[in-house]
$ cat my_file-v1.cif   # mmCIF, C-alpha atoms
data_work
loop_
_atom_site.label_atom_id
_atom_site.label_comp_id
_atom_site.auth_asym_id
_atom_site.auth_seq_id
_atom_site.Cartn_x
_atom_site.Cartn_y
_atom_site.Cartn_z
CA MET A 1 -21.53 15.23 -33.11
CA LYS A 2 -22.74 17.30 -30.19
CA ASP A 3 -20.21 19.63 -28.57
CA TYR A 4 -20.45 19.33 -24.76
CA ARG A 5 -17.88 22.03 -24.08
CA GLN A 6 -20.46 24.77 -23.59
CA GLU A 7 -22.32 22.70 -20.97
CA TYR A 8 -19.02 22.00 -19.21
CA GLU A 9 -18.07 25.70 -19.15
CA LYS A 10 -21.43 26.67 -17.64
CA LYS A 11 -20.78 24.34 -14.71
CA LYS A 12 -17.33 25.64 -13.78
CA ARG A 13 -17.09 27.21 -10.33
CA THR A 14 -14.49 28.41 -7.85
CA ILE A 15 -13.91 26.58 -4.58
CA PRO A 16 -15.68 29.29 -2.49
CA GLN A 17 -18.67 29.03 -4.83
CA VAL A 18 -19.09 25.26 -4.42
CA LEU A 19 -18.54 25.51 -0.67
CA GLY A 20 -21.47 27.92 -0.69
CA GLU A 21 -23.71 25.00 -1.69
CA ILE A 22 -23.10 23.31 1.68
CA GLN A 23 -25.81 24.03 4.22
CA SER A 24 -26.38 22.97 7.84
CA GLY A 25 -27.50 19.39 8.36
CA MET A 26 -26.10 18.14 5.06
CA ASN A 27 -24.41 14.78 4.53
CA ILE A 28 -21.40 14.99 2.23
CA TYR A 29 -19.84 11.93 0.61
CA VAL A 30 -16.36 12.31 -0.84
CA GLY A 31 -14.02 10.13 -2.87
CA VAL A 32 -11.77 7.54 -1.23
CA ASP A 33 -8.11 7.98 -0.38
CA MET A 34 -6.26 9.35 -3.43
CA ALA A 35 -9.68 10.08 -5.00
CA GLU A 36 -10.38 12.54 -2.20
CA PRO A 37 -11.06 16.10 -3.45
CA VAL A 38 -8.13 17.61 -1.61
CA ALA A 39 -8.32 21.11 -3.09
CA ILE A 40 -11.92 21.52 -1.91
CA LEU A 41 -11.56 19.78 1.46
CA LYS A 42 -8.55 21.93 2.37
CA GLU A 43 -10.92 24.90 2.39
CA LEU A 44 -13.87 23.21 4.10
CA HIS A 45 -12.98 24.77 7.45
CA THR A 46 -13.75 28.22 6.03
CA ILE A 47 -17.51 27.55 6.37
CA GLU A 48 -17.39 26.29 9.96
CA ASP A 49 -18.81 29.55 11.33
CA ARG A 50 -21.98 29.44 9.24
CA VAL A 51 -22.96 25.71 9.28
CA ARG A 52 -24.03 23.23 11.94
CA ASP A 53 -24.35 19.47 11.97
CA VAL A 54 -22.52 18.77 8.68
CA THR A 55 -21.23 15.23 8.25
CA VAL A 56 -18.42 14.22 5.89
CA CYS A 57 -18.20 10.55 4.89
CA SER A 58 -14.65 9.78 3.76
CA VAL A 59 -11.95 7.16 4.27
CA LEU A 60 -8.43 7.92 5.45
CA GLY A 61 -7.37 11.03 3.59
CA PRO A 62 -3.98 12.13 2.26
CA GLU A 63 -4.15 15.48 4.09
CA ASP A 64 -4.55 16.74 7.65
CA TYR A 65 -7.51 19.04 7.07
CA PRO A 66 -8.17 21.87 9.55
CA HIS A 67 -11.85 20.91 9.96
CA LEU A 68 -10.81 17.60 11.57
CA GLN A 69 -9.80 19.51 14.70
CA ASP A 70 -12.69 21.99 14.88
CA PRO A 71 -13.49 22.18 18.64
CA ARG A 72 -17.06 23.30 17.92
CA GLY A 73 -17.88 20.10 16.06
CA ASN A 74 -19.85 21.88 13.35
CA ILE A 75 -18.30 19.59 10.73
CA ARG A 76 -17.99 15.96 11.75
CA THR A 77 -16.03 13.32 9.85
CA GLU A 78 -17.30 9.75 9.82
CA PRO A 79 -14.70 7.74 7.88
CA PHE A 80 -14.92 4.13 6.78
CA PHE A 81 -11.24 3.62 7.54
CA TYR A 82 -8.75 5.40 9.79
CA GLY A 83 -5.47 6.80 8.54
CA PRO A 84 -2.80 8.78 10.41
CA PHE A 85 -4.71 12.08 10.40
CA THR A 86 -8.07 10.66 11.43
CA ARG A 87 -6.33 8.63 14.17
CA ARG A 88 -4.77 11.84 15.43
CA ALA A 89 -8.10 13.68 15.34
CA HIS A 90 -9.99 10.90 17.12
CA GLY A 91 -9.57 12.55 20.49
CA SER A 92 -11.23 15.75 19.27
CA GLY A 93 -14.59 14.00 19.23
CA ASN A 94 -15.15 15.06 15.62
CA VAL A 95 -14.16 11.73 14.11
CA SER A 96 -15.91 8.36 14.48
CA VAL A 97 -15.39 5.33 12.26
CA VAL A 98 -18.25 3.62 10.40
CA PRO A 99 -17.85 -0.19 10.70
CA HIS A 100 -18.46 -1.80 7.34
CA ASN A 101 -17.63 -4.35 4.71
CA ILE A 102 -16.88 -2.66 1.39
CA SER A 103 -19.25 -4.99 -0.42
CA THR A 104 -22.21 -3.46 1.47
CA LEU A 105 -20.66 -0.16 2.55
CA TYR A 106 -22.78 2.20 0.48
CA ARG A 107 -26.01 0.26 0.88
CA ASP A 108 -25.72 0.22 4.67
CA ARG A 109 -24.55 3.81 5.07
CA SER A 110 -27.01 5.39 2.65
CA ALA A 111 -29.93 3.59 4.29
CA TRP A 112 -29.06 5.63 7.39
CA ARG A 113 -27.71 8.82 5.84
CA SER A 114 -28.10 9.33 2.12
CA PRO A 115 -25.83 11.85 0.37
CA ASP A 116 -26.98 15.44 -0.08
CA ILE A 117 -23.72 16.28 -1.85
CA PHE A 118 -21.11 14.11 -3.54
CA ILE A 119 -17.65 15.57 -4.15
CA GLY A 120 -15.24 13.50 -6.23
CA VAL A 121 -12.19 13.67 -8.46
CA ALA A 122 -12.24 13.01 -12.20
CA SER A 123 -10.22 13.22 -15.38
CA PRO A 124 -10.94 15.97 -17.93
CA MET A 125 -14.01 15.54 -20.14
CA ASP A 126 -13.61 13.74 -23.47
CA ARG A 127 -15.29 14.71 -26.75
CA HIS A 128 -18.30 12.52 -25.91
CA GLY A 129 -18.99 14.42 -22.69
CA PHE A 130 -17.56 11.80 -20.32
CA LEU A 131 -15.27 12.34 -17.35
CA ASN A 132 -13.67 9.41 -15.51
CA MET A 133 -13.28 8.75 -11.78
CA GLY A 134 -10.44 6.33 -12.43
CA LEU A 135 -8.80 6.50 -8.99
CA CYS A 136 -11.51 4.73 -6.99
CA ILE A 137 -15.18 3.80 -7.28
CA SER A 138 -15.64 1.72 -4.14
CA HIS A 139 -18.78 3.79 -3.38
CA GLU A 140 -18.31 6.91 -5.50
CA GLN A 141 -20.59 6.00 -8.40
CA ASP A 142 -23.38 5.01 -6.03
CA ALA A 143 -23.14 8.27 -4.08
CA LEU A 144 -22.95 10.32 -7.27
CA GLU A 145 -26.14 8.74 -8.58
CA ASP A 146 -28.07 9.41 -5.35
CA ALA A 147 -26.76 12.85 -4.38
CA ASP A 148 -28.81 16.01 -4.89
CA ILE A 149 -25.67 17.96 -5.81
CA VAL A 150 -22.64 16.51 -7.63
CA ILE A 151 -19.33 18.37 -7.59
CA LEU A 152 -16.24 17.07 -9.40
CA GLU A 153 -12.71 18.29 -8.94
CA VAL A 154 -11.31 17.84 -12.47
CA ASN A 155 -7.61 17.05 -12.66
CA PRO A 156 -5.57 16.17 -15.79
CA ASN A 157 -3.39 13.86 -13.68
CA VAL A 158 -6.28 11.41 -13.11
CA PRO A 159 -6.03 8.32 -15.38
CA VAL A 160 -8.93 7.06 -17.48
CA VAL A 161 -9.79 3.52 -16.40
CA TYR A 162 -12.27 1.32 -18.23
CA GLY A 163 -15.16 -0.43 -16.52
CA ASP A 164 -17.71 1.55 -14.50
CA ALA A 165 -15.76 4.72 -13.71
CA SER A 166 -17.20 7.03 -16.39
CA VAL A 167 -19.47 9.98 -15.55
CA HIS A 168 -21.33 12.07 -18.11
CA ILE A 169 -21.27 15.85 -17.82
CA SER A 170 -25.08 15.80 -17.67
CA GLU A 171 -24.81 14.05 -14.28
CA VAL A 172 -22.58 16.78 -12.82
CA ASP A 173 -23.77 20.04 -11.27
CA PHE A 174 -20.51 21.85 -10.68
CA ILE A 175 -16.89 21.59 -11.86
CA VAL A 176 -13.79 22.83 -10.05
CA GLU A 177 -10.62 22.62 -12.10
CA THR A 178 -7.24 21.87 -10.54
CA ASP A 179 -3.90 20.57 -11.78
CA ARG A 180 -2.56 19.55 -8.37
CA GLU A 181 -0.15 16.63 -8.27
CA LEU A 182 -1.77 13.50 -6.91
CA PRO A 183 -0.24 12.45 -3.56
CA LEU A 184 1.67 9.19 -3.90
CA ASP A 185 1.71 6.20 -1.59
CA PRO A 186 5.07 5.41 0.05
CA VAL A 187 7.35 2.90 -1.65
CA TYR A 188 7.85 -0.13 0.58
CA GLU A 189 11.14 -1.96 0.87
CA SER A 190 10.53 -5.45 2.18
CA THR A 191 12.49 -6.56 5.24
CA GLU A 192 14.10 -9.99 5.45
CA VAL A 193 11.23 -11.15 7.67
CA GLN A 194 8.71 -9.94 5.11
CA LYS A 195 10.60 -11.64 2.30
CA THR A 196 10.51 -14.92 4.21
CA ILE A 197 6.78 -14.56 4.78
CA GLY A 198 6.32 -13.69 1.11
CA GLY A 199 8.10 -16.88 0.12
CA TYR A 200 5.74 -19.00 2.18
CA ILE A 201 2.74 -17.21 0.64
CA ALA A 202 4.06 -17.69 -2.89
CA GLY A 203 4.35 -21.40 -2.16
CA LEU A 204 0.60 -21.52 -1.52
CA VAL A 205 -0.30 -19.92 -4.86
CA GLU A 206 -0.91 -22.45 -7.62
CA ASP A 207 -0.76 -21.84 -11.37
CA GLY A 208 -4.10 -20.53 -12.61
CA SER A 209 -4.98 -18.89 -9.29
CA THR A 210 -6.73 -15.53 -9.10
CA ILE A 211 -5.09 -13.27 -6.53
CA GLN A 212 -5.96 -10.36 -4.29
CA LEU A 213 -3.03 -8.29 -3.05
CA GLY A 214 -2.81 -5.25 -0.85
CA ILE A 215 -0.05 -2.71 -0.41
CA GLY A 216 2.91 -3.10 1.93
CA GLY A 217 6.10 -5.04 2.47
CA ILE A 218 4.53 -8.52 2.76
CA PRO A 219 2.25 -8.39 -0.32
CA ASP A 220 5.09 -6.86 -2.33
CA ALA A 221 7.52 -9.56 -1.21
CA ALA A 222 4.98 -12.27 -2.05
CA ALA A 223 4.37 -10.80 -5.50
CA LYS A 224 8.07 -10.73 -6.35
CA GLN A 225 8.27 -14.44 -5.57
CA LEU A 226 5.36 -15.26 -7.87
CA ILE A 227 7.61 -14.84 -10.89
CA GLY A 228 7.57 -18.19 -12.64
CA LYS A 229 3.91 -18.90 -11.90
CA LYS A 230 1.58 -19.33 -14.87
CA ASP A 231 -1.75 -17.80 -15.86
CA LEU A 232 -2.51 -15.92 -12.67
CA GLY A 233 -5.56 -13.68 -12.62
CA VAL A 234 -6.41 -10.57 -10.63
CA HIS A 235 -9.63 -9.81 -8.75
CA SER A 236 -8.54 -7.37 -6.08
CA GLU A 237 -9.91 -4.40 -4.19
CA MET A 238 -6.66 -2.56 -4.85
CA PHE A 239 -4.56 -2.46 -8.02
CA THR A 240 -0.88 -2.42 -7.03
CA PRO A 241 2.50 -1.81 -8.72
CA SER A 242 3.38 -5.49 -8.23
CA MET A 243 0.49 -6.40 -10.54
CA VAL A 244 2.06 -4.28 -13.28
CA THR A 245 5.34 -6.16 -12.81
CA LEU A 246 3.67 -9.57 -12.91
CA TYR A 247 1.57 -8.68 -15.96
CA GLU A 248 4.55 -7.43 -17.92
CA ALA A 249 6.49 -10.57 -16.95
CA GLY A 250 3.71 -12.71 -18.42
CA VAL A 251 2.72 -14.17 -15.05
CA ILE A 252 -0.70 -12.51 -15.00
CA THR A 253 -2.84 -13.41 -17.99
CA GLY A 254 -6.27 -14.04 -16.50
CA ALA A 255 -6.67 -16.86 -18.98
CA ARG A 256 -8.10 -19.30 -16.44
CA LYS A 257 -10.51 -16.94 -14.67
CA ASN A 258 -14.14 -18.00 -14.58
CA ILE A 259 -15.44 -14.42 -14.74
CA ASP A 260 -13.95 -11.21 -16.18
CA ARG A 261 -11.56 -13.43 -18.10
CA LYS A 262 -8.28 -11.82 -19.16
CA GLN A 263 -9.13 -8.66 -17.22
CA MET A 264 -7.62 -7.40 -13.98
CA VAL A 265 -10.53 -6.29 -11.82
CA CYS A 266 -10.22 -3.68 -9.05
CA THR A 267 -12.12 -0.87 -7.35
CA LEU A 268 -9.18 1.26 -6.11
CA LEU A 269 -5.74 2.22 -7.41
CA THR A 270 -2.54 2.34 -5.44
CA ALA A 271 -1.21 5.85 -5.91
CA SER A 272 1.97 5.28 -7.88
CA PRO A 273 3.27 6.62 -11.22
CA GLU A 274 3.67 3.07 -12.59
CA VAL A 275 0.06 2.21 -11.81
CA PHE A 276 -1.32 5.46 -13.23
CA ALA A 277 0.62 5.00 -16.48
CA PHE A 278 -0.33 1.32 -16.82
CA VAL A 279 -4.07 1.55 -16.20
CA ASP A 280 -4.69 4.64 -18.34
CA HIS A 281 -6.87 3.60 -21.33
CA ASN A 282 -5.80 -0.02 -20.79
CA PRO A 283 -8.48 -2.62 -21.73
CA ALA A 284 -6.72 -5.20 -19.52
CA VAL A 285 -7.86 -3.30 -16.40
CA LYS A 286 -11.51 -3.15 -15.34
CA MET A 287 -12.54 -0.87 -12.47
CA MET A 288 -15.87 -1.76 -10.88
CA ARG A 289 -17.89 -0.68 -7.86
CA GLY A 290 -17.04 -2.11 -4.46
CA SER A 291 -20.46 -3.75 -4.33
CA TYR A 292 -19.27 -5.97 -7.21
CA VAL A 293 -15.52 -6.34 -6.64
CA ASN A 294 -15.83 -7.07 -2.92
CA ASP A 295 -18.98 -9.19 -3.03
CA PRO A 296 -17.94 -12.59 -1.59
CA PHE A 297 -20.41 -14.30 -3.92
CA VAL A 298 -18.67 -12.70 -6.91
CA ILE A 299 -15.20 -13.38 -5.53
CA MET A 300 -15.91 -17.07 -5.03
CA LYS A 301 -16.88 -17.54 -8.70
CA ASN A 302 -13.21 -17.62 -9.64
CA ASP A 303 -11.67 -21.00 -8.84
CA LYS A 304 -8.42 -21.00 -6.85
CA MET A 305 -9.09 -17.53 -5.49
CA VAL A 306 -6.25 -16.52 -3.15
CA ALA A 307 -6.83 -13.62 -0.73
CA ILE A 308 -3.78 -12.29 1.09
CA ASN A 309 -4.55 -10.02 4.04
CA GLY A 310 -2.57 -8.67 6.96
CA ALA A 311 -3.41 -8.39 10.64
CA ILE A 312 -2.37 -6.70 13.85
CA ASN A 313 -2.98 -9.77 16.00
CA VAL A 314 -4.16 -13.36 15.73
CA ASP A 315 -5.42 -15.38 18.67
CA LEU A 316 -4.65 -19.06 19.16
CA THR A 317 -8.03 -20.13 17.80
CA GLY A 318 -7.58 -18.20 14.54
CA GLN A 319 -9.56 -15.02 15.14
CA ILE A 320 -8.10 -12.10 13.19
CA PHE A 321 -7.75 -8.59 14.64
CA SER A 322 -6.85 -6.08 11.93
CA GLU A 323 -8.40 -2.74 12.86
CA THR A 324 -8.12 -1.96 16.57
CA ILE A 325 -5.40 -1.88 19.19
CA GLY A 326 -7.26 -2.79 22.32
CA ALA A 327 -10.47 -0.81 22.19
CA ARG A 328 -8.94 2.04 20.15
CA GLN A 329 -9.67 2.23 16.41
CA TYR A 330 -6.50 2.07 14.32
CA SER A 331 -7.56 1.34 10.73
CA GLY A 332 -10.69 -0.39 9.45
CA THR A 333 -12.17 -3.55 8.01
CA GLY A 334 -11.75 -2.52 4.39
CA GLY A 335 -12.11 -5.55 2.17
CA ALA A 336 -10.44 -8.05 4.50
CA ASN A 337 -13.61 -9.83 5.56
CA ASP A 338 -15.12 -9.75 2.06
CA PHE A 339 -12.10 -11.34 0.43
CA ALA A 340 -11.41 -13.82 3.21
CA THR A 341 -14.99 -15.07 2.90
CA GLY A 342 -14.96 -15.15 -0.90
CA ALA A 343 -11.61 -16.92 -1.15
CA HIS A 344 -12.57 -19.45 1.52
CA ARG A 345 -15.71 -20.32 -0.44
CA SER A 346 -13.96 -20.48 -3.81
CA ARG A 347 -13.34 -23.94 -5.25
CA GLY A 348 -9.67 -24.56 -4.46
CA GLY A 349 -9.45 -21.09 -2.91
CA LYS A 350 -7.28 -19.98 0.00
CA SER A 351 -7.85 -17.28 2.60
CA ILE A 352 -4.41 -16.29 3.90
CA ILE A 353 -3.55 -14.02 6.83
CA ALA A 354 0.08 -12.92 6.96
CA LEU A 355 1.95 -11.07 9.70
CA PRO A 356 5.34 -11.03 11.44
CA SER A 357 5.45 -13.18 14.58
CA THR A 358 6.34 -10.18 16.78
CA LYS A 359 5.86 -6.42 16.99
CA LYS A 360 7.36 -3.53 18.97
CA ASN A 361 10.91 -4.57 18.07
CA GLY A 362 10.37 -8.19 19.01
CA THR A 363 9.10 -7.48 22.53
CA VAL A 364 5.47 -8.53 21.95
CA SER A 365 4.03 -11.60 20.28
CA SER A 366 1.61 -10.98 17.41
CA ILE A 367 -0.02 -14.30 18.24
CA GLU A 368 -1.94 -14.10 21.51
CA PRO A 369 -3.90 -16.69 23.50
CA TRP A 370 -6.92 -14.41 23.32
CA MET A 371 -7.43 -10.68 22.87
CA GLN A 372 -6.80 -9.12 26.23
CA GLY A 373 -8.08 -5.61 26.76
CA GLY A 374 -10.71 -5.85 24.05
CA GLY A 375 -10.41 -5.69 20.30
CA VAL A 376 -12.58 -6.02 17.21
CA VAL A 377 -12.59 -9.33 15.34
CA THR A 378 -12.15 -8.37 11.69
CA VAL A 379 -12.14 -11.86 10.15
CA GLN A 380 -13.89 -14.78 11.79
CA ARG A 381 -11.81 -17.87 12.44
CA GLN A 382 -14.23 -19.91 10.31
CA THR A 383 -13.04 -18.19 7.11
CA VAL A 384 -9.27 -18.31 7.68
CA ASP A 385 -7.49 -21.12 5.84
CA TYR A 386 -3.85 -20.27 6.64
CA VAL A 387 -1.90 -17.98 8.96
CA VAL A 388 1.64 -17.26 7.78
CA THR A 389 4.57 -15.83 9.73
CA GLU A 390 8.31 -15.96 9.12
CA TYR A 391 8.28 -19.32 10.95
CA GLY A 392 6.02 -21.04 8.47
CA VAL A 393 2.43 -21.78 7.49
CA ALA A 394 -0.28 -22.70 10.01
CA PRO A 395 -3.21 -24.51 8.33
CA LEU A 396 -6.48 -23.78 10.13
CA SER A 397 -9.36 -24.77 7.88
CA GLY A 398 -11.20 -27.86 9.10
CA ARG A 399 -8.96 -28.17 12.17
CA SER A 400 -10.18 -28.50 15.73
CA VAL A 401 -9.29 -25.78 18.21
CA LYS A 402 -6.58 -28.02 19.68
CA GLU A 403 -5.06 -28.52 16.22
CA ARG A 404 -5.30 -24.81 15.53
CA VAL A 405 -3.51 -23.99 18.77
CA GLU A 406 -0.70 -26.43 17.95
CA ASN A 407 -0.33 -25.13 14.39
CA LEU A 408 -0.27 -21.50 15.50
CA LEU A 409 2.22 -22.23 18.25
CA ALA A 410 4.49 -23.69 15.59
CA VAL A 411 4.60 -20.37 13.70
CA ALA A 412 4.81 -18.15 16.79
CA HIS A 413 8.17 -16.68 17.72
CA PRO A 414 10.19 -19.27 19.70
CA ASP A 415 10.69 -16.80 22.56
CA PHE A 416 6.94 -16.77 23.24
CA ARG A 417 5.85 -20.33 22.53
CA ARG A 418 6.20 -21.66 26.06
CA GLU A 419 4.28 -18.74 27.56
CA LEU A 420 1.56 -19.04 24.90
CA ARG A 421 1.15 -22.77 25.51
CA LYS A 422 0.94 -22.27 29.26
CA GLU A 423 -1.77 -19.65 28.85
CA ALA A 424 -3.69 -21.79 26.36
CA GLU A 425 -3.71 -24.63 28.89
CA ARG A 426 -4.82 -22.32 31.67
CA LEU A 427 -7.70 -21.03 29.56
CA GLN A 428 -8.54 -24.54 28.38
CA LEU A 429 -8.82 -23.25 24.82
CA TRP A 430 -9.33 -26.77 23.53
#
$ encode --input "my_file-v1.cif" --output "structure tokens"
Amino acid sequence: MKDYRQEYEKKKRTIPQVLGEIQSGMNIYVGVDMAEPVAILKELHTIEDRVRDVTVCSVLGPEDYPHLQDPRGNIRTEPFFYGPFTRRAHGSGNVSVVPHNISTLYRDRSAWRSPDIFIGVASPMDRHGFLNMGLCISHEQDALEDADIVILEVNPNVPVVYGDASVHISEVDFIVETDRELPLDPVYESTEVQKTIGGYIAGLVEDGSTIQLGIGGIPDAAAKQLIGKKDLGVHSEMFTPSMVTLYEAGVITGARKNIDRKQMVCTLLTASPEVFAFVDHNPAVKMMRGSYVNDPFVIMKNDKMVAINGAINVDLTGQIFSETIGARQYSGTGGANDFATGAHRSRGGKSIIALPSTKKNGTVSSIEPWMQGGGVVTVQRQTVDYVVTEYGVAPLSGRSVKERVENLLAVAHPDFRRELRKEAERLQLW
């Protein structure tokens, strides 16, 4: 058997050495979220004096990198999704979101700006010469295959996930070794409101359904109340700790899935010790590219597909606003539109939007007559089957606008229902 260790050793570099590969005008693609090459990006600002017009394509980032605030704008960041640090840097003029659906994210972006360099994170090489990008491959594999230069930050804390996450050493130009601890996502404790919403969602999930869950108090509360369901499957952008719990409880089996039967399919891991331990070398988990996992035409192949997404606001006709507050970018589309569309088209499927009825400590209704002051529609009203708040479930699919208004008023907070109805009548929404 060939020994690949010598090839690996020849490709090892220091961080200053790989940063020396970056030249003016280059487009750099990096891994998503917890798959972001933190050790390298923390030093990216050190080349600001010698480069111009460098673009970094990322997502939300676990770190507040110095280059985000560079007043000269020599290194711009164009993320697919805003997190706290990119939101904060928005005013610098160095950060501008790239609207997208994950299913077509790489295709659309690379048609405009293809990668000169890809920088990712991977597990150590095995005896066959393979490393594994088992944290996320929403676009990473695509960028790696197209980039002129491939740099991997190799970390023994990265799990090995089966599916499409493997990379051979022959595909890699440079290796930077690190043993940094992976940043972890916060642990959410569900509020009573979230638990109530989760109960309503669980009531919509039938035995044999395939589910998509995100991270947060509402999805976690819903998952805990799925105990007792039978033969659930997973086809989800994100793999979450609640999926580990449901699998080990025998709730998730994937036995009734139409595709990828008995496998839990994802493109991104939640950063948690339970998830890392569970997915590592586990044949029950299959990590695939975002162009597959988030493709609505793939999603719909599983009968009884249930997509559970959140929102910032919903208007009285069922339009979903999940990424902006007024005209200001707050997060991003992510997979919300992909999964809402796929679940809506699935035979027996359900596209569910869940949110508390109020925000800002109960002073503002999350359900509005229409989006005043602007706002980006993330999910079209045509692909929303149910809106769920702590006051119940509002069915929307197949309903007229008048019926939608009535159903959404019924799940709005009682303190705002009269005002909402009055405004709906003034606007003649129906």
$ resolve_selection --input "my_file-v1.cif" --expression "the PyMOL selection byres ((chain A and resi 358) around 10)" --output "list of chain:residue names"
A:Ile312, A:Asn313, A:Leu355, A:Pro356, A:Ser357, A:Lys359, A:Lys360, A:Asn361, A:Gly362, A:Thr363, A:Val364, A:Ser365, A:Ser366, A:Ile367, A:Thr389, A:Glu390, A:Ala412, A:His413, A:Asp415, A:Phe416
$ resolve_selection --input "my_file-v1.cif" --expression "the PyMOL selection byres ((chain A and resi 343-349) around 9)" --output "MDAnalysis selection string"
chainID A and resid 209:210 296:297 299:307 338:342 350:352 382:385 397
$ closest_residue --input "my_file-v1.cif" --among "A:Asn337, A:Ser110, A:Ser170, A:Ser92" --to "Gln6 of chain A" --atoms "all atoms listed in the file"
A:Ser170
$ residues_around --input "my_file-v1.cif" --residues "segment 234-248 of chain A" --least-positions-apart "6" --cutoff "6 Å" --atoms "all atoms listed in the file" --output "list in words"
Thr210, Ile211, Gln212, Met264, Val265, Cys266, Thr267, Leu268, Leu269, Thr270 and Val275 of chain A
$ resolve_selection --input "my_file-v1.cif" --expression "the PyMOL selection byres ((chain A and resi 167) around 12)" --output "ChimeraX atom specification"
/A:120-126,128-134,137,140-142,144-145,150-152,154,160-166,168-173
$ closest_residue --input "my_file-v1.cif" --among "A:Val393, A:Val98, A:Ile40, A:Val187" --to "Pro273 of chain A" --atoms "all atoms listed in the file"
A:Val187
$ residues_near_point --input "my_file-v1.cif" --point "(-3.7, 12.5, 2.4)" --cutoff "6 Å" --atoms "only C-alpha atoms" --output "list in words"
Gly61, Pro62 and Glu63 of chain A
$ residues_around --input "my_file-v1.cif" --residues "Asp231 of chain A" --least-positions-apart "3" --cutoff "12 Å" --atoms "only C-alpha atoms" --output "list in words"
Val205, Glu206, Asp207, Gly208, Ser209, Thr210, Ile211, Leu226, Ile227, Gly228, Val234, Leu246, Tyr247, Ala249, Gly250, Val251, Ile252, Thr253, Gly254, Ala255, Arg256, Lys257, Arg261, Lys262, Gln263 and Lys304 of chain A
$ closest_residue --input "my_file-v1.cif" --among "A:Gly392, A:Gly334, A:Gly398, A:Gly318" --to "Glu368 of chain A" --atoms "all atoms listed in the file"
A:Gly318
$ residues_around --input "my_file-v1.cif" --residues "Phe81 of chain A" --least-positions-apart "4" --cutoff "7 Å" --atoms "only C-alpha atoms" --output "PyMOL selection string"
chain A and resi 59-60+97+331-332+334
$ closest_residue --input "my_file-v1.cif" --among "A:Glu153, A:Asp3, A:Thr77, A:Pro219" --to "Phe174 of chain A" --atoms "all atoms listed in the file"
A:Glu153
$ atom_distance --input "my_file-v1.cif" --atom1 "atom CA of Gly83 of chain A" --atom2 "atom CA of Leu68 of chain A"
12.4 Å
$ residues_around --input "my_file-v1.cif" --residues "Thr46 of chain A" --least-positions-apart "3" --cutoff "9 Å" --atoms "only C-alpha atoms" --output "ChimeraX atom specification"
/A:16,19,42-43,49-50,67
$ atom_distance --input "my_file-v1.cif" --atom1 "atom CA of Leu41 of chain A" --atom2 "atom CA of Phe118 of chain A"
12.2 Å
$ residues_around --input "my_file-v1.cif" --residues "Asp185 of chain A" --least-positions-apart "6" --cutoff "9 Å" --atoms "all atoms listed in the file" --output "PyMOL selection string"
chain A and resi 34+270-272
$ atom_distance --input "my_file-v1.cif" --atom1 "atom CA of Lys230 of chain A" --atom2 "atom CA of Arg289 of chain A"
27.9 Å
$ closest_residue --input "my_file-v1.cif" --among "A:Gly203, A:Gly290, A:Pro71, A:Pro79" --to "Tyr330 of chain A" --atoms "all atoms listed in the file"
A:Pro79
$ closest_residue --input "my_file-v1.cif" --among "A:Asp280, A:Ala35, A:Asp146, A:Lys229" --to "Leu184 of chain A" --atoms "all atoms listed in the file"
A:Ala35
